[in-house]
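I have placed the structure first, in the form of structure tokens, so that the comments after it can refer back to it.
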There are 2 protein chains.
Amino acid sequence: MPENICVIGCGFSGAISARILAEAGYQVHIFEKRNHIGGNAYDKIDENGIVIHPYGPHIFHTNNKRVFKFLSKFTTWRFYEHEVLAYVDGKEVPIPINRVTLSEIYGKDFTEKGAKLYFSENAVKITNIRNSEDNVLASVGEDLCDKIFRGYTRKQWGMDLADLDASVAARIPTRTNDDCRYFVDDFQFIPANGYTALFEKILDHRNISINLNTDYFDHRDSNNYMHTIYSGPIDKYFDYQFGKLEYRSLNFKHTYIPNLNYYQKVGTINYPNEYDYTRITEFKHITGQKCTGTSIVKEFPKSHGDPYYPVPRPRNNKVYTEYYDLAKLEQDVTFIGRLAQYKYYNMDQVIASSISKTNILIEQLKKS
Amino acid sequence: MPENICVIGCGFSGAISARILAEAGYQVHIFEKRNHIGGNAYDKIDENGIVIHPYGPHIFHTNNKRVFKFLSKFTTWRFYEHEVLAYVDGKEVPIPINRVTLSEIYGKDFTEKGAKLYFSENAVKITNIRNSEDNVLASVGEDLCDKIFRGYTRKQWGMDLADLDASVAARIPTRTNDDCRYFVDDFQFIPANGYTALFEKILDHRNISINLNTDYFDHRDSNNYMHTIYSGPIDKYFDYQFGKLEYRSLNFKHTYIPNLNYYQKVGTINYPNEYDYTRITEFKHITGQKCTGTSIVKEFPKSHGDPYYPVPRPRNNKVYTEYYDLAKLEQDVTFIGRLAQYKYYNMDQVIASSISKTNILIEQLKKS
């Protein structure tokens, strides 16, 4: 099939690649293991009429105007600046840490100057950053490390801060002002009709066909497409020949609360110290849905299950490099997205990468 | 009626003031002369199913995040960066003038450096800027002044460039890059469901009642509200006692073209030199509506009719100041908006001003 391309996986990377290829005139066949489009960004209306993100909260934010412009062809937007609080010592305090966080934790008013002073006085002087604990201590000091980071990390990664690569907590953002937004990106918007509707528009092209409930690996031998876009796990593609890449996974516990307008003050509340879950997200804050009754999700990290977060440990980086070297030899396959690139991409990064890799591919196909 | 406030005019300034007052607990009664809400920003579906702006194109853009956030409570957004071309010597060239404009007009490639050189070589050295002509000449020189500004100004204002206050063409933006957007604001979005839907949401509050087709001046004597928000013409409010303030007005010629997807390449094309109209705007570019058939509007400036643009001449500034001094004495009246402040406000400026003036008023009312 000379002008036919197959795309494995229908999350952001696959769907966007498919769209760009379709617009360039290629016939695109998407194979998706799950029974729905959208990958983990998929959203739906739950049985109580509330829009939820079954795979955990997806908050779009970007500084990349090219990405925003691309998506804007397929969706309108709801302006939404995500806010996160951490439950610490019985109080809900802003994350990232800012002067409001300090004021609430220490029960006295911090000015900008005072906050600056706090950080400079409490940050531990560490010349040789060996791990994430060093990073956190060097940023915010012992007390905030204990209150906000230590417990959360243990839950999130199943490891102590000190055992985690320095890169994981490489940059602990702190603010001395009272900006309580979680992100500071130029574009902070949620697709007005949700992610699934956005994917439907992206995929609505006569050159695109989608096969749901279809595992590529069941049909791999009969692959006679001119090119394959692969967005699945890279280790699986190569039959785990160098061993499995580790992922941190999540259990989601979704709960509907009737007769309640809002369950919590903001989109997400982190629980660094209490409970087994890391955080609770309430969807109505994100979607802007107006109704009585609300749905929340608790996230319970675990070491096995659907792959969510690549685990940045030297062993994994080494194994990935081995797969990556193999992947480079596969001239008729393009590896894209979080799983195939084993990279903890944000949505906008996945999209940017998919756009650019697909455009490069189209140039190459034209030449060959 | 102790807690009752009346709002005259239901454009942006009046509607937003009404909303803020309603949320603060006041009973708000809006009186609007026209048979619809939204003032000149009103949009509607024409008889051919195309969304149009009956009073000319309204392109929302702002750097004011407070304004954007305020409106975002009532609307989702379509990302839209307006583009304007000018029809010059048979070519359609970008406005504001950039290096693409120069390249197309002069039929040779201008680099950024070349464009910079062009402007510095051609700009007329004028030490004493007396009028708009001086301003234009000092920015872009004789040739571009003739090709792009002279004719347009004559049509738009019914005056020669040389007779127009320096302030009118006070800042002729030129670019040496190839950014072809008309605006460079941080937020460039159109209300996803249009302006009228936005106004409906703003006005949807149990403390707000609206009387359309009601001329405030017919009922003025029976005004016993605790406070009045007035967004009509300030000279009319004071019975024209210092004379009429001049406005430039417009005739709109709306045309529907069936069986055509798009009439022109971009939202607006200016005609500085040919025809009696200044520009043609095609609404589908702005609204993003997908359908066959398209609607355009031609704008014919005129000196009488509905007030659009305050005419910035010394005489008008002087007369306005006299009215303004009277207005300050009206303690129970707040004057807001383009007509009551006799200022060529953009939409976001009207909104910012309305928010801040209304909040100040609420503080004052609390104290008294």
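Identifiers in this document derive from the order of the structure tokens: chains are assigned A, B, ..., residues are numbered from 1 separately in each chain, and ligands are numbered from 1 in order of occurrence.
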
With a cut-off of 8 Å, could you pull out the residues of chain A touching chain B and give me the nearest pair of atoms for each, distance in Å to one decimal, using only C-alpha atoms, ordered by chain and ascending number, as a tab-separated table?
residue	atom	partner	partner_atom	distance
A:Lys69	CA	B:Phe79	CA	7.4
A:Ser72	CA	B:Phe79	CA	6.1
A:Thr75	CA	B:Arg78	CA	7.6
A:Thr76	CA	B:Arg78	CA	4.7
A:Trp77	CA	B:Trp77	CA	5.0
A:Arg78	CA	B:Thr76	CA	4.7
A:Phe79	CA	B:Ser72	CA	6.1
A:Ala192	CA	B:Thr76	CA	6.3

Given only C-alpha atoms, how would the per-residue table for range 34-96 of chain B near range 107-118 of chain B read, listing every residue at most 12 Å away with its closest atom pair and distance in Å to one decimal, sorted by chain and number, as CSV?
residue,atom,partner,partner_atom,distance
B:Asp89,CA,B:Gly107,CA,11.4
B:Lys91,CA,B:Gly107,CA,10.5
B:Val93,CA,B:Gly107,CA,11.5

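Taking CA of Thr334 in chain A as the reference point, CA of Asp204 in chain A is found at 22.4 Å.
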
Skipping near chain neighbours, those fewer than 6 positions away, what residues fall within 12 Å of Ile355 in chain A using only C-alpha atoms, listed as a CSV table (one decimal) with N, CA and C atoms, in the first residue's frame?
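That gives us selection38.csv:
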chain,number,residue,atom,x,y,z
A,12,PHE,N,-2.6,11.9,21.9
A,12,PHE,CA,-2.2,13.1,21.2
A,12,PHE,C,-1.2,12.9,20.1
A,13,SER,N,-0.2,12.2,20.4
A,13,SER,CA,0.9,12.0,19.4
A,13,SER,C,0.4,11.3,18.2
A,14,GLY,N,-0.3,10.2,18.3
A,14,GLY,CA,-0.8,9.5,17.2
A,14,GLY,C,-1.9,10.3,16.4
A,15,ALA,N,-2.8,10.9,17.1
A,15,ALA,CA,-4.0,11.6,16.5
A,15,ALA,C,-3.5,12.8,15.7
A,16,ILE,N,-2.5,13.5,16.2
A,16,ILE,CA,-2.0,14.7,15.6
A,16,ILE,C,-1.2,14.3,14.4
A,17,SER,N,-0.4,13.3,14.5
A,17,SER,CA,0.4,12.8,13.4
A,17,SER,C,-0.5,12.4,12.3
A,18,ALA,N,-1.6,11.7,12.6
A,18,ALA,CA,-2.5,11.2,11.6
A,18,ALA,C,-3.1,12.3,10.9
A,19,ARG,N,-3.5,13.4,11.6
A,19,ARG,CA,-4.2,14.5,11.0
A,19,ARG,C,-3.2,15.2,10.0
A,20,ILE,N,-2.0,15.4,10.4
A,20,ILE,CA,-1.1,16.1,9.5
A,20,ILE,C,-0.8,15.3,8.3
A,21,LEU,N,-0.6,14.0,8.4
A,21,LEU,CA,-0.4,13.1,7.3
A,21,LEU,C,-1.7,13.1,6.4
A,66,ARG,N,2.7,27.9,18.5
A,66,ARG,CA,2.4,27.0,17.4
A,66,ARG,C,1.5,25.9,17.8
A,67,VAL,N,1.7,25.3,18.9
A,67,VAL,CA,0.9,24.2,19.4
A,67,VAL,C,-0.6,24.7,19.7
A,68,PHE,N,-0.6,25.9,20.3
A,68,PHE,CA,-2.0,26.4,20.6
A,68,PHE,C,-2.7,26.7,19.4
A,69,LYS,N,-2.0,27.3,18.4
A,69,LYS,CA,-2.7,27.6,17.1
A,69,LYS,C,-3.1,26.4,16.4
A,70,PHE,N,-2.3,25.3,16.4
A,70,PHE,CA,-2.7,24.1,15.8
A,70,PHE,C,-4.0,23.5,16.4
A,71,LEU,N,-4.0,23.4,17.7
A,71,LEU,CA,-5.2,22.9,18.4
A,71,LEU,C,-6.4,23.8,18.2
A,336,ILE,N,7.0,8.1,18.3
A,336,ILE,CA,6.5,9.4,18.9
A,336,ILE,C,5.8,9.2,20.2
A,337,GLY,N,5.8,10.3,21.0
A,337,GLY,CA,5.0,10.3,22.2
A,337,GLY,C,5.7,9.8,23.4
A,348,ASP,N,1.5,19.6,25.8
A,348,ASP,CA,1.9,20.5,24.7
A,348,ASP,C,3.2,20.0,24.1
A,349,GLN,N,4.1,19.4,24.9
A,349,GLN,CA,5.3,18.9,24.4
A,349,GLN,C,5.1,17.7,23.5
A,361,LEU,N,9.0,13.8,8.7
A,361,LEU,CA,8.7,12.6,7.9
A,361,LEU,C,8.1,12.9,6.5
A,362,ILE,N,7.2,13.8,6.5
A,362,ILE,CA,6.6,14.1,5.2
A,362,ILE,C,7.6,14.6,4.2

>> Can you pull out every residue from range 53-167 of chain B that DSSP, working from the backbone, puts in strand (DSSP E), and format the result as a PyMOL selection string?
In response: chain B and resi 77-79+84-88+91-95

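Rounded to one decimal, CA of Asn131 in chain A and CA of Asp165 in chain A lie 4.9 Å from each other.
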
> Which of these, A:Thr358, A:Asn207, A:Thr228, A:Asn273, has the shortest distance to Thr153 in chain A once you count only C-alpha atoms?
Replying inline: A:Asn273

> Could you name the residues that touch range 22-34 of chain B at 8 Å or less, counting only C-alpha atoms, but leaving out those on the same chain fewer than 4 positions away, as a PyMOL selection string?
Replying inline: chain B and resi 3-10+14+18+205-216+362
